[in-house]
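Here is final_9.txt, consisting of compact mmCIF, C-alpha atoms:
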```
# COMPACT_ATOMS: atom_id res chain seq x y z
CA MET A 248 5.45 75.45 -93.16
CA THR A 249 3.53 73.32 -95.69
CA ASP A 250 4.81 75.50 -98.55
CA SER A 251 8.39 75.30 -97.33
CA ARG A 252 11.14 72.95 -98.33
CA PHE A 253 14.11 72.28 -96.07
CA VAL A 254 17.49 70.72 -96.69
CA PRO A 255 19.84 69.12 -94.15
CA LEU A 256 22.97 71.14 -93.40
CA LYS A 257 26.29 69.73 -94.57
CA HIS A 258 27.82 69.38 -91.13
CA ILE A 259 25.14 66.90 -90.05
CA VAL A 260 26.08 63.22 -90.40
CA ALA A 261 23.08 60.87 -90.42
CA THR A 262 23.07 57.13 -89.83
CA GLN A 263 20.08 54.89 -90.31
CA LEU A 264 19.95 51.61 -88.39
CA ASP A 265 18.34 48.29 -89.25
CA ASP A 266 15.09 49.00 -87.38
CA GLY A 267 14.59 52.33 -89.17
CA GLU A 268 15.75 54.45 -86.24
CA GLY A 269 18.75 56.69 -86.67
CA VAL A 270 21.30 59.01 -85.15
CA LEU A 271 22.24 62.52 -86.31
CA VAL A 272 25.60 64.00 -85.36
CA ASP A 273 26.17 67.75 -85.57
CA LEU A 274 29.89 68.15 -86.29
CA ASN A 275 29.75 71.85 -85.36
CA THR A 276 28.21 71.53 -81.91
CA LYS A 277 29.40 67.91 -81.32
CA GLN A 278 25.81 67.10 -80.28
CA TYR A 279 24.08 63.92 -81.39
CA TYR A 280 20.40 63.14 -81.63
CA GLN A 281 18.54 59.85 -81.65
CA LEU A 282 15.66 59.76 -84.14
CA ASN A 283 12.80 57.30 -84.07
CA ALA A 284 11.80 55.58 -87.31
CA THR A 285 9.27 58.26 -88.31
CA ALA A 286 11.73 61.09 -87.70
CA MET A 287 14.34 59.21 -89.69
CA LEU A 288 11.91 58.73 -92.56
CA ILE A 289 11.37 62.51 -92.61
CA TRP A 290 15.13 63.15 -92.47
CA ARG A 291 15.76 60.81 -95.40
CA ALA A 292 12.99 62.55 -97.34
CA LEU A 293 14.63 65.92 -96.67
CA GLU A 294 17.95 64.53 -97.89
CA SER A 295 16.19 63.48 -101.09
CA GLY A 296 14.81 66.99 -101.51
CA HIS A 297 11.17 65.98 -101.15
CA PRO A 298 8.62 68.77 -100.59
CA PHE A 299 6.44 68.80 -97.48
CA ASP A 300 3.36 67.35 -99.21
CA GLN A 301 5.36 64.41 -100.50
CA ILE A 302 6.82 63.77 -97.03
CA ILE A 303 3.30 63.66 -95.59
CA ALA A 304 2.24 61.23 -98.30
CA GLU A 305 5.19 59.00 -97.45
CA ILE A 306 4.33 59.01 -93.73
CA VAL A 307 0.66 58.19 -94.42
CA SER A 308 1.66 55.37 -96.77
CA VAL A 309 4.01 53.76 -94.24
CA TYR A 310 2.19 54.32 -90.94
CA THR A 311 -1.46 53.95 -89.91
CA VAL A 312 -2.04 57.63 -89.33
CA ASP A 313 -4.43 60.23 -90.76
CA ASN A 314 -3.20 63.17 -92.82
CA ASP A 315 -3.80 65.85 -90.15
CA HIS A 316 -1.89 63.90 -87.53
CA ALA A 317 1.01 63.39 -89.97
CA VAL A 318 1.08 67.13 -90.80
CA THR A 319 1.11 68.13 -87.12
CA SER A 320 3.88 65.64 -86.28
CA ALA A 321 6.01 66.58 -89.31
CA GLU A 322 5.66 70.32 -88.63
CA ARG A 323 6.68 69.83 -85.01
CA LEU A 324 9.74 67.82 -86.04
CA LEU A 325 10.80 70.30 -88.74
CA ASN A 326 10.55 73.10 -86.16
CA GLN A 327 12.86 71.13 -83.89
CA PHE A 328 15.28 70.53 -86.75
CA GLN A 329 15.30 74.27 -87.47
CA GLN A 330 15.70 75.30 -83.84
CA ARG A 331 18.67 72.96 -83.50
CA LYS A 332 20.16 74.25 -86.76
CA LEU A 333 20.10 70.86 -88.43
CA VAL A 334 18.29 72.10 -91.58
CA ARG A 335 17.91 75.29 -93.55
CA PRO A 336 15.19 76.49 -95.93
CA ALA A 337 15.89 75.38 -99.50
CA ASP A 338 16.99 78.09 -101.97
CA MET B 234 41.42 60.33 -72.08
CA PRO B 235 45.01 59.71 -73.00
CA GLU B 236 47.06 57.35 -70.94
CA VAL B 237 50.71 57.63 -70.31
CA SER B 238 53.51 55.20 -69.86
CA SER B 239 57.02 55.95 -68.77
CA VAL B 240 59.84 56.66 -71.18
CA GLY B 241 63.52 56.53 -70.59
CA GLY B 242 63.79 60.24 -69.92
CA SER B 243 64.39 63.08 -72.31
CA ALA B 244 68.18 63.25 -72.26
CA GLY B 245 69.62 64.72 -75.41
CA LEU B 246 66.48 66.62 -76.34
CA ALA B 247 68.00 70.07 -76.40
CA PRO B 248 65.23 72.65 -76.80
CA GLY B 249 65.51 75.20 -79.56
CA GLN B 250 68.26 73.34 -81.38
CA ARG B 251 68.39 74.05 -85.09
CA GLU B 252 67.44 71.19 -87.37
CA SER B 253 70.60 70.63 -89.35
CA ALA B 254 71.15 66.86 -89.29
CA PRO B 255 69.49 64.75 -91.94
CA ASN B 256 66.15 63.43 -90.76
CA LEU B 257 65.85 59.82 -89.67
CA VAL B 258 62.75 57.72 -90.13
CA ARG B 259 61.54 54.57 -88.37
CA TYR B 260 58.53 52.58 -89.46
CA TYR B 261 55.97 50.81 -87.30
CA SER B 262 53.30 48.33 -88.33
CA VAL B 263 49.94 48.43 -86.62
CA ALA B 264 46.74 46.65 -87.67
CA ASP B 265 48.31 45.81 -91.04
CA ARG B 266 49.19 49.44 -91.75
CA ILE B 267 52.49 51.27 -91.54
CA LEU B 268 53.17 54.49 -89.71
CA GLY B 269 56.40 56.44 -90.19
CA ILE B 270 58.05 58.43 -87.39
CA LYS B 271 60.60 61.00 -88.51
CA GLY B 272 62.93 62.93 -86.25
CA VAL B 273 66.11 64.96 -86.36
CA ASP B 274 68.16 62.59 -84.23
CA GLU B 275 68.20 59.25 -82.44
CA PRO B 276 67.15 60.59 -78.99
CA VAL B 277 63.98 62.01 -80.49
CA LEU B 278 63.20 58.74 -82.24
CA ASN B 279 64.06 56.77 -79.09
CA LEU B 280 61.61 58.90 -77.14
CA ALA B 281 58.82 57.90 -79.52
CA HIS B 282 60.05 54.29 -79.67
CA ASP B 283 60.03 53.90 -75.88
CA PHE B 284 56.49 55.17 -75.77
CA LEU B 285 55.30 52.96 -78.63
CA SER B 286 56.82 49.86 -77.01
CA GLY B 287 53.82 49.81 -74.65
CA TYR B 288 51.57 49.31 -77.66
CA TYR B 289 51.26 46.86 -80.54
CA LEU B 290 53.14 49.17 -82.88
CA ASN B 291 56.03 47.01 -84.02
CA GLN B 292 59.09 48.49 -85.64
CA THR B 293 59.47 47.18 -89.16
CA ASN B 294 61.53 47.65 -92.29
CA LEU B 295 59.79 49.27 -95.21
CA SER B 296 59.64 46.86 -98.13
CA THR B 297 59.28 47.95 -101.72
CA THR B 298 55.57 47.09 -101.69
CA ASP B 299 54.71 48.74 -98.37
CA GLN B 300 53.87 52.39 -98.16
CA PRO B 301 53.36 54.24 -94.88
CA VAL B 302 49.80 55.45 -94.51
CA HIS B 303 50.88 58.41 -92.40
CA LEU B 304 54.08 60.17 -91.32
CA ILE B 305 54.67 61.82 -87.95
CA GLU B 306 57.58 64.26 -87.93
CA ILE B 307 59.04 65.44 -84.63
CA HIS B 308 60.72 68.85 -84.78
CA LYS B 309 62.95 70.68 -82.37
CA SER B 310 62.42 74.06 -83.98
CA GLN B 311 59.69 76.58 -83.17
CA PRO B 312 56.18 75.79 -84.44
CA PRO B 313 54.76 77.99 -87.23
CA ALA B 314 52.56 80.93 -86.29
CA SER B 315 48.99 79.80 -85.84
CA SER B 316 46.12 80.92 -88.07
CA PRO B 317 42.72 81.93 -86.69
CA ALA B 318 40.78 78.79 -85.79
CA ASP B 319 37.26 77.92 -86.95
CA SER B 320 36.55 76.42 -83.56
CA SER B 321 38.40 75.38 -80.44
CA PHE B 322 37.76 73.27 -77.38
CA GLU B 323 39.59 72.05 -74.31
CA ILE B 324 41.25 68.66 -74.17
CA GLU B 325 43.12 67.04 -71.31
CA ASP B 326 46.29 69.09 -70.69
CA GLY B 327 45.62 71.52 -73.50
CA HIS B 328 43.49 72.86 -76.31
CA CYS B 329 42.42 71.76 -79.77
CA PHE B 330 42.02 74.31 -82.57
CA SER B 331 40.28 73.31 -85.77
CA ILE B 332 40.99 75.03 -89.09
CA ARG B 333 38.93 73.37 -91.83
CA ASP B 334 40.30 69.82 -92.12
CA GLN B 335 43.48 70.49 -90.12
CA ILE B 336 43.63 70.36 -86.35
CA THR B 337 46.20 71.91 -84.05
CA LEU B 338 46.67 70.55 -80.55
CA GLU B 339 48.54 72.46 -77.89
CA VAL B 340 49.39 69.90 -75.22
CA ASN B 341 51.71 70.45 -72.26
CA GLY B 342 53.37 73.34 -74.11
CA SER B 343 54.07 71.27 -77.24
CA THR B 344 52.31 71.81 -80.55
CA ILE B 345 50.86 69.08 -82.77
CA ILE B 346 49.45 69.78 -86.23
CA ILE B 347 47.47 66.98 -87.82
CA GLY B 348 47.47 68.08 -91.44
CA PRO B 349 44.75 67.86 -94.07
CA PRO B 350 44.05 64.24 -95.12
CA GLN B 351 45.75 64.53 -98.51
CA LEU B 352 49.11 65.33 -96.82
CA GLN B 353 48.99 62.18 -94.65
CA ARG B 354 51.28 63.78 -92.10
CA THR B 355 51.34 65.03 -88.54
CA ASP B 356 53.96 67.42 -87.17
CA ILE B 357 55.06 67.76 -83.57
CA TRP B 358 57.03 70.67 -82.13
CA LEU B 359 58.19 69.67 -78.68
CA SER B 360 57.95 72.12 -75.82
CA ALA B 361 61.13 73.86 -74.71
CA SER B 362 59.96 74.30 -71.11
CA THR B 363 61.12 72.08 -68.26
CA ALA B 364 57.54 71.07 -67.43
CA GLY B 365 56.84 70.36 -71.08
CA ARG B 366 59.93 68.13 -71.24
CA HIS B 367 58.79 65.92 -68.39
CA PRO B 368 58.49 62.33 -69.66
CA LEU B 369 54.79 62.20 -68.76
CA ALA B 370 54.13 65.42 -70.66
CA LEU B 371 56.06 64.18 -73.72
CA ASN B 372 54.24 60.84 -73.63
CA ASN B 373 50.95 62.68 -73.65
CA VAL B 374 52.05 64.66 -76.71
CA ILE B 375 53.15 61.55 -78.61
CA LEU B 376 49.92 59.76 -77.68
CA TYR B 377 47.77 62.58 -79.06
CA ALA B 378 49.85 62.68 -82.25
CA VAL B 379 49.76 58.91 -82.78
CA GLN B 380 46.02 58.73 -82.14
CA GLY B 381 45.45 61.56 -84.63
CA ALA B 382 47.70 59.94 -87.23
CA LEU B 383 45.95 56.58 -86.80
CA ARG B 384 42.53 58.23 -87.15
CA ARG B 385 43.58 59.78 -90.43
CA ALA B 386 44.73 56.30 -91.51
CA GLY B 387 41.30 54.81 -90.73
CA LEU B 388 42.33 53.24 -87.41
CA TYR B 389 40.18 54.48 -84.57
CA GLN B 390 41.42 54.13 -81.01
CA PHE B 391 38.62 52.83 -78.81
CA HIS B 392 38.44 52.28 -75.06
CA ALA B 393 36.88 48.84 -74.76
CA GLY B 394 37.67 45.37 -73.57
CA CYS B 395 37.40 42.57 -76.10
CA VAL B 396 36.89 38.88 -75.32
CA ILE B 397 35.95 35.72 -77.20
CA SER B 398 33.86 32.98 -75.60
CA LYS B 399 35.29 29.54 -74.94
CA LYS B 400 33.20 28.01 -77.72
CA ASP B 401 34.35 30.66 -80.21
CA ARG B 402 30.78 31.76 -80.75
CA GLY B 403 31.74 35.37 -81.32
CA ALA B 404 33.79 38.22 -80.02
CA ILE B 405 32.30 40.61 -77.48
CA LEU B 406 33.28 44.21 -76.85
CA LEU B 407 33.02 45.49 -73.28
CA VAL B 408 32.38 49.22 -73.55
CA GLY B 409 32.03 51.88 -70.89
CA ASP B 410 33.56 54.73 -68.96
CA SER B 411 36.63 54.28 -66.83
CA GLY B 412 35.66 52.44 -63.64
CA CYS B 413 32.67 50.63 -65.14
CA GLY B 414 34.38 47.27 -64.69
CA LYS B 415 35.78 46.52 -68.16
CA SER B 416 39.14 45.28 -66.90
CA THR B 417 37.63 43.31 -64.01
CA LEU B 418 35.16 41.67 -66.34
CA THR B 419 37.85 40.88 -68.91
CA ALA B 420 40.00 39.33 -66.17
CA THR B 421 37.05 37.30 -64.87
CA LEU B 422 36.31 35.96 -68.33
CA LEU B 423 39.87 35.07 -69.23
CA LEU B 424 40.26 33.26 -65.90
CA ASN B 425 37.28 31.21 -67.09
CA GLY B 426 39.10 30.24 -70.26
CA TRP B 427 37.89 32.95 -72.62
CA ARG B 428 40.30 34.39 -75.14
CA PHE B 429 41.09 38.10 -75.15
CA VAL B 430 42.23 40.95 -77.37
CA SER B 431 42.44 43.74 -74.79
CA ASP B 432 41.04 44.94 -71.48
CA ASP B 433 40.61 48.59 -72.46
CA ASN B 434 42.51 49.77 -75.52
CA LEU B 435 41.69 48.76 -79.07
CA LEU B 436 41.79 49.98 -82.61
CA LEU B 437 38.70 49.73 -84.78
CA ARG B 438 39.31 49.17 -88.49
CA GLU B 439 36.88 48.80 -91.33
CA SER B 440 37.43 45.85 -93.66
CA ALA B 441 35.41 43.99 -96.27
CA ALA B 442 34.42 41.48 -93.58
CA GLY B 443 33.16 44.16 -91.19
CA ILE B 444 34.52 46.31 -88.39
CA GLU B 445 37.54 44.64 -86.84
CA ALA B 446 38.91 45.17 -83.33
CA TRP B 447 42.71 45.07 -82.99
CA ALA B 448 44.76 44.93 -79.81
CA LEU B 449 46.51 48.25 -79.18
CA ARG B 450 47.99 48.35 -75.67
CA ARG B 451 50.20 45.48 -74.54
CA TYR B 452 49.16 45.49 -70.90
CA PHE B 453 46.03 45.63 -68.74
CA THR B 454 45.80 48.06 -65.83
CA PHE B 455 44.41 47.16 -62.41
CA ASP B 456 44.50 48.63 -58.95
CA GLN B 457 46.03 46.37 -56.31
CA ALA B 458 42.64 45.44 -54.80
CA THR B 459 41.17 44.28 -58.12
CA LEU B 460 44.34 42.38 -58.97
CA LYS B 461 43.98 40.53 -55.69
CA ALA B 462 40.19 40.05 -55.95
CA CYS B 463 40.66 38.48 -59.39
CA HIS B 464 43.60 36.37 -58.12
CA LEU B 465 45.81 37.83 -60.82
CA ASP B 466 48.42 38.77 -58.22
CA LEU B 467 49.36 35.07 -58.25
CA PHE B 468 50.84 35.56 -61.73
CA THR B 469 53.78 37.45 -60.30
CA GLU B 470 55.81 37.38 -63.53
CA ALA B 471 52.98 39.17 -65.35
CA VAL B 472 52.55 41.99 -62.84
CA GLY B 473 54.46 45.03 -64.07
CA SER B 474 55.35 48.46 -62.79
CA ARG B 475 52.98 51.19 -61.67
CA VAL B 476 51.40 53.30 -64.41
CA PRO B 477 53.06 56.75 -64.29
CA GLY B 478 50.49 59.44 -63.69
CA LYS B 479 48.05 56.83 -62.33
CA GLU B 480 50.02 55.61 -59.37
CA GLU B 481 47.17 53.47 -58.01
CA LYS B 482 47.26 51.35 -61.19
CA LEU B 483 49.59 48.46 -61.93
CA ARG B 484 50.42 47.06 -65.33
CA PHE B 485 49.42 43.44 -65.89
CA TYR B 486 50.83 41.65 -68.92
CA ALA B 487 47.94 39.27 -69.55
CA ARG B 488 49.59 37.78 -72.64
CA GLN B 489 52.45 36.60 -70.44
CA ALA B 490 50.07 34.98 -67.93
CA PHE B 491 47.70 33.52 -70.55
CA PRO B 492 49.77 33.19 -73.73
CA GLU B 493 47.41 30.70 -75.42
CA GLN B 494 44.39 32.94 -74.96
CA PHE B 495 45.63 36.07 -76.73
CA VAL B 496 44.17 37.01 -80.11
CA ASP B 497 45.47 40.06 -81.95
CA SER B 498 42.24 40.88 -83.79
CA CYS B 499 38.64 39.78 -84.27
CA ILE B 500 35.30 40.86 -85.65
CA PRO B 501 32.97 41.76 -82.77
CA GLU B 502 29.50 40.23 -82.84
CA ALA B 503 28.17 41.63 -79.59
CA ILE B 504 28.68 44.66 -77.37
CA VAL B 505 28.17 44.64 -73.63
CA PHE B 506 28.00 47.93 -71.76
CA PRO B 507 28.82 47.06 -68.13
CA GLN B 508 27.47 49.12 -65.27
CA VAL B 509 28.50 48.40 -61.70
CA THR B 510 25.51 48.02 -59.35
CA GLY B 511 25.23 47.17 -55.68
CA GLU B 512 22.89 44.30 -56.51
CA ALA B 513 23.78 40.78 -55.44
CA LYS B 514 23.21 39.18 -58.81
CA SER B 515 24.21 40.44 -62.23
CA ARG B 516 21.63 40.74 -64.99
CA ILE B 517 21.76 41.59 -68.66
CA GLU B 518 19.26 43.48 -70.85
CA PRO B 519 19.23 44.00 -74.62
CA LEU B 520 19.76 47.45 -76.14
CA LYS B 521 18.40 48.92 -79.36
CA GLN B 522 20.92 49.68 -82.11
CA ALA B 523 20.30 53.44 -81.87
CA ASP B 524 20.97 53.39 -78.12
CA SER B 525 24.10 51.36 -78.74
CA LEU B 526 25.34 53.76 -81.41
CA ALA B 527 24.66 56.76 -79.17
CA ARG B 528 26.73 55.14 -76.42
CA LEU B 529 29.53 54.31 -78.85
CA ILE B 530 29.64 57.92 -80.05
CA ARG B 531 29.78 59.13 -76.45
CA GLN B 532 32.81 56.89 -75.87
CA CYS B 533 34.61 58.35 -78.91
CA PRO B 534 34.79 62.13 -78.58
CA TRP B 535 37.16 62.38 -81.55
CA ALA B 536 34.46 60.89 -83.77
CA THR B 537 32.82 64.31 -83.69
CA CYS B 538 35.84 66.55 -83.06
CA ASP B 539 38.24 65.72 -85.90
CA ALA B 540 36.26 67.08 -88.84
CA ALA B 541 38.35 65.42 -91.56
CA ALA B 542 38.11 61.95 -90.01
CA ALA B 543 34.66 62.31 -88.45
CA PRO B 544 32.43 61.03 -91.31
CA ASP B 545 34.49 57.82 -91.73
CA HIS B 546 34.88 57.43 -87.97
CA LEU B 547 31.13 57.78 -87.43
CA GLN B 548 30.48 55.38 -90.28
CA ALA B 549 32.75 52.81 -88.61
CA LEU B 550 30.85 53.19 -85.32
CA SER B 551 27.56 52.94 -87.16
CA LYS B 552 28.65 49.73 -88.92
CA LEU B 553 29.83 48.37 -85.59
CA ALA B 554 26.40 49.05 -84.06
CA ARG B 555 24.74 47.31 -87.01
CA GLN B 556 26.97 44.23 -87.05
CA THR B 557 26.56 43.55 -83.32
CA ARG B 558 23.86 42.77 -80.77
CA SER B 559 24.09 45.07 -77.76
CA TYR B 560 23.34 44.65 -74.09
CA THR B 561 23.62 46.49 -70.82
CA LEU B 562 25.21 44.34 -68.13
CA PHE B 563 24.21 45.38 -64.62
CA ALA B 564 27.21 43.88 -62.87
CA GLY B 565 26.49 42.82 -59.32
CA GLN B 566 28.57 41.49 -56.47
CA ASP B 567 28.66 38.03 -58.06
CA VAL B 568 31.37 39.28 -60.45
CA PHE B 569 33.80 38.61 -57.61
CA ALA B 570 31.81 36.10 -55.56
CA GLN B 571 30.86 33.77 -58.43
CA PRO B 572 32.95 34.73 -61.44
CA ALA B 573 31.91 31.62 -63.38
CA SER B 574 28.27 32.72 -63.27
CA ILE B 575 29.01 36.03 -64.94
CA ALA B 576 30.91 34.25 -67.71
CA GLU B 577 27.93 31.94 -68.15
CA LEU B 578 25.47 34.85 -68.17
CA ILE B 579 27.35 36.59 -70.99
CA ALA B 580 28.01 33.35 -72.88
CA GLN B 581 24.30 32.52 -72.85
CA GLN B 582 23.45 35.82 -74.52
CA VAL B 583 26.03 35.28 -77.21
CA GLU B 584 25.16 31.66 -77.84
CA ILE B 585 21.37 31.70 -77.59
CA LEU B 586 20.85 34.39 -80.19
```
Show me, as structure tokens, the structure contained in the file I just sent.
Amino acid sequence: MTDSRFVPLKHIVATQLDDGEGVLVDLNTKQYYQLNATAMLIWRALESGHPFDQIIAEIVSVYTVDNDHAVTSAERLLNQFQQRKLVRPAD
Amino acid sequence: MPEVSSVGGSAGLAPGQRESAPNLVRYYSVADRILGIKGVDEPVLNLAHDFLSGYYLNQTNLSTTDQPVHLIEIHKSQPPASSPADSSFEIEDGHCFSIRDQITLEVNGSTIIIGPPQLQRTDIWLSASTAGRHPLALNNVILYAVQGALRRAGLYQFHAGCVISKKDRGAILLVGDSGCGKSTLTATLLLNGWRFVSDDNLLLRESAAGIEAWALRRYFTFDQATLKACHLDLFTEAVGSRVPGKEEKLRFYARQAFPEQFVDSCIPEAIVFPQVTGEAKSRIEPLKQADSLARLIRQCPWATCDAAAAPDHLQALSKLARQTRSYTLFAGQDVFAQPASIAELIAQQVEIL
């Protein structure tokens, strides 16, 4: 996972709200997902094409959390994104 | 879900007739935009006109500076053969088939094609069957077509009440499923002197100033018991006919009863999601923006189903969530017992913050 890079799929519309939280809408399945501020930070980083290590650095710089905890949380979220077909591995 | 209103019948709509007469076009203004309706003859155009008369779509002449944002053409011929769809799903009284940025609706035996955005047109082929020619069925077809055309023109139909407090401290949307108390609450507030845009049927439009709410339907709908409980039955001249297809509902022309309190558009500053409870006293709790946006999306199924309009539609809902404060109103029995207190409860939320 840490060597992988993922990109959001085109049919996903993301909206970030004032408090950092966000909503993703899958136009294929018509499902929508509420993301907390950390998950939204990761989604925005994926949109910007950031690699996993950079995403972890961003989380650690914004939140009071150690590196291992950030890695575990980010991996879990990326797995969920993949399972729900919201992202694909980058070419 | 689409609503229907009666039309003056479908006389003169001969199924299968060849389109030989020159096409006629009428124009309607809505929320500062112009929609064209084209048909092969007057009866077809009258059918659409009768339906639109229940809404704030006003017939207008096209000036040299105005351009219609979308054209709906009503055909009497057979619809074209359909192509394989990318996806399909059920809608009330029919199916929706999506092919890239075009959607095809089959409703009550009629066919509607909402074309790709660059064409700015929607085509309707009316059903030839007796059931499909029933006025309720035809109304349903026209409603789906008009809603689709408006979406492609950046006007998003939205089921919500909209009221403005007595002190003009901001407009409030009342959002929720059918039966959640939107109309009752709107009636309660306007009886307490609030101004109103609609009880349940609006258009959302994005402008430089923010997301605007525009009145769409000309009448409220109430069952007899609610009309009586809210004392609106006293305004006899404003009580209209039964709503076809929803026989328990009566039309109420609130603008006739409260002409000084009607406003055709506003910029919402708060959203209240009412929920009927069995509690004695109503209470109100704030909602996070993400929760509010999720609820708004749930109320607007077309925001995710019309691929060509969806990104802009979702953006409008997202801007609406960001420009407003949101609350859940747990509406108790005091809505009827002490209507002034509910108005005060909502007004406090708007005016304190």
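If only C-alpha atoms are the atoms counted, then among A:Gln329, A:Asn275, A:Ser308, A:Ser320 the closest residue to chain B is A:Asn275.
Residues in contact with Arg291 (chain A) at 10 Å, where all atoms listed in the file are counted and same-chain residues fewer than 3 positions away are skipped, are listed as Pro255, Ala261, Thr262, Gln263, Thr285, Ala286, Met287, Leu288, Glu294, Ser295, Gly296, His297 and Ile302 of chain A.
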Any idea which chain A residues end up within 12 Å of chain B if we count all atoms listed in the file, as JSON, numbers by chain please?
-> {"A": [257, 258, 259, 260, 261, 262, 263, 264, 265, 266, 267, 268, 269, 270, 271, 272, 273, 274, 275, 276, 277, 278, 279, 280, 281, 282, 283, 284, 287]}
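The spacing separating CA of Pro336 (chain A) from CA of Asp545 (chain B) amounts to 27.2 Å.
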Exercise: Thr344 (chain B) partners within 9 Å, all atoms listed in the file, chain neighbours under 4 positions left out, as JSON, numbers by chain = {"B": [312, 337, 338, 339, 340, 356, 357, 358, 359, 360, 374]}
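Using all atoms listed in the file for every distance, the candidate list B:Ser574, B:Gln457, B:Thr355, B:Ser398 yields B:Thr355 as the residue closest to Lys271 (chain B).
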Mind listing as number ranges by chain all residues within 10 Å of (44.7, 47.8, -91.6), counting only C-alpha atoms?
-> B: 262-267, 302, 386-388, 436-440, 445, 447
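Here CA of Val258 (chain B) stands at a distance of 16.4 Å from CA of Ser286 (chain B).
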Show me as a count of residues only the residues that reach within 10 Å of (51.5, 60.8, -78.4), counting all atoms listed in the file and using the file's own coordinates.
-> 22
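One distance worth recording is that between CA of Ser559 (chain B) and CA of Thr459 (chain B), which is 26.0 Å.
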With 5 Å of padding per side, what axis-aligned box (centre and edge lengths, Å, one decimal) covers all the listed atoms of region 349-366 of chain B? Give it as JSON.
```
{"center_x": 52.6, "center_y": 68.2, "center_z": -83.0, "size_x": 27.1, "size_y": 22.1, "size_z": 41.1}
```
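Residues in contact with Gly565 (chain B) at 7 Å, where all atoms listed in the file are counted and same-chain residues fewer than 6 positions away are skipped, are listed as Val509, Thr510, Gly511, Glu512, Ala513, Lys514 and Ser515 of chain B.
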The residue from B:Val505, B:Ile332, B:Leu290, B:Leu578 with the smallest atom-to-atom distance to Leu449 (chain B), counting all atoms listed in the file, is B:Leu290
Using all atoms listed in the file, determine which residues lie at most 10 Å from region 416-427 of chain B, disregarding the query and same-chain residues fewer than 6 positions distant; provide the list as a PyMOL selection string.
-> chain B and resi 393-401+404+406-407+433+453-455+459-460+462-465+487+491+493-495+507+564+568-569+571-577+579-580
Which of these, B:Ala446, B:Ile336, B:Leu553, B:Ala541, has the shortest distance to Ala318 (chain B) once you count all atoms listed in the file?
-> B:Ile336
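Distances here use only C-alpha atoms; by that measure, the residue among B:Arg385, B:Asn291, B:Thr561, B:Ile307 closest to Leu278 (chain B) is B:Ile307.
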Complete the atoms of region 301-312 of chain A to N, CA and C atoms and put them out as an mmCIF file, keeping the file's coordinate frame.
```
data_model
loop_
_atom_site.group_PDB
_atom_site.id
_atom_site.type_symbol
_atom_site.label_atom_id
_atom_site.label_comp_id
_atom_site.auth_asym_id
_atom_site.auth_seq_id
_atom_site.Cartn_x
_atom_site.Cartn_y
_atom_site.Cartn_z
ATOM 1 N N GLN A 301 4.896 65.758 -100.167
ATOM 2 C CA GLN A 301 5.360 64.410 -100.500
ATOM 3 C C GLN A 301 5.790 63.660 -99.234
ATOM 4 N N ILE A 302 6.407 64.396 -98.298
ATOM 5 C CA ILE A 302 6.820 63.770 -97.030
ATOM 6 C C ILE A 302 5.594 63.263 -96.279
ATOM 7 N N ILE A 303 4.536 64.076 -96.266
ATOM 8 C CA ILE A 303 3.300 63.660 -95.590
ATOM 9 C C ILE A 303 2.728 62.412 -96.262
ATOM 10 N N ALA A 304 2.760 62.403 -97.570
ATOM 11 C CA ALA A 304 2.240 61.230 -98.300
ATOM 12 C C ALA A 304 3.038 59.983 -97.948
ATOM 13 N N GLU A 305 4.343 60.148 -97.806
ATOM 14 C CA GLU A 305 5.190 59.000 -97.450
ATOM 15 C C GLU A 305 4.857 58.485 -96.047
ATOM 16 N N ILE A 306 4.646 59.416 -95.116
ATOM 17 C CA ILE A 306 4.330 59.010 -93.730
ATOM 18 C C ILE A 306 2.998 58.244 -93.721
ATOM 19 N N VAL A 307 1.993 58.803 -94.419
ATOM 20 C CA VAL A 307 0.660 58.190 -94.420
ATOM 21 C C VAL A 307 0.699 56.814 -95.085
ATOM 22 N N SER A 308 1.588 56.664 -96.083
ATOM 23 C CA SER A 308 1.660 55.370 -96.770
ATOM 24 C C SER A 308 2.356 54.293 -95.929
ATOM 25 N N VAL A 309 3.243 54.732 -95.030
ATOM 26 C CA VAL A 309 4.010 53.760 -94.240
ATOM 27 C C VAL A 309 3.327 53.459 -92.902
ATOM 28 N N TYR A 310 2.765 54.499 -92.277
ATOM 29 C CA TYR A 310 2.190 54.320 -90.940
ATOM 30 C C TYR A 310 0.664 54.456 -90.985
ATOM 31 N N THR A 311 0.000 53.831 -90.028
ATOM 32 C CA THR A 311 -1.460 53.950 -89.910
ATOM 33 C C THR A 311 -1.747 55.250 -89.173
ATOM 34 N N VAL A 312 -1.857 56.308 -89.939
ATOM 35 C CA VAL A 312 -2.040 57.630 -89.330
ATOM 36 C C VAL A 312 -2.806 58.499 -90.330
#
```
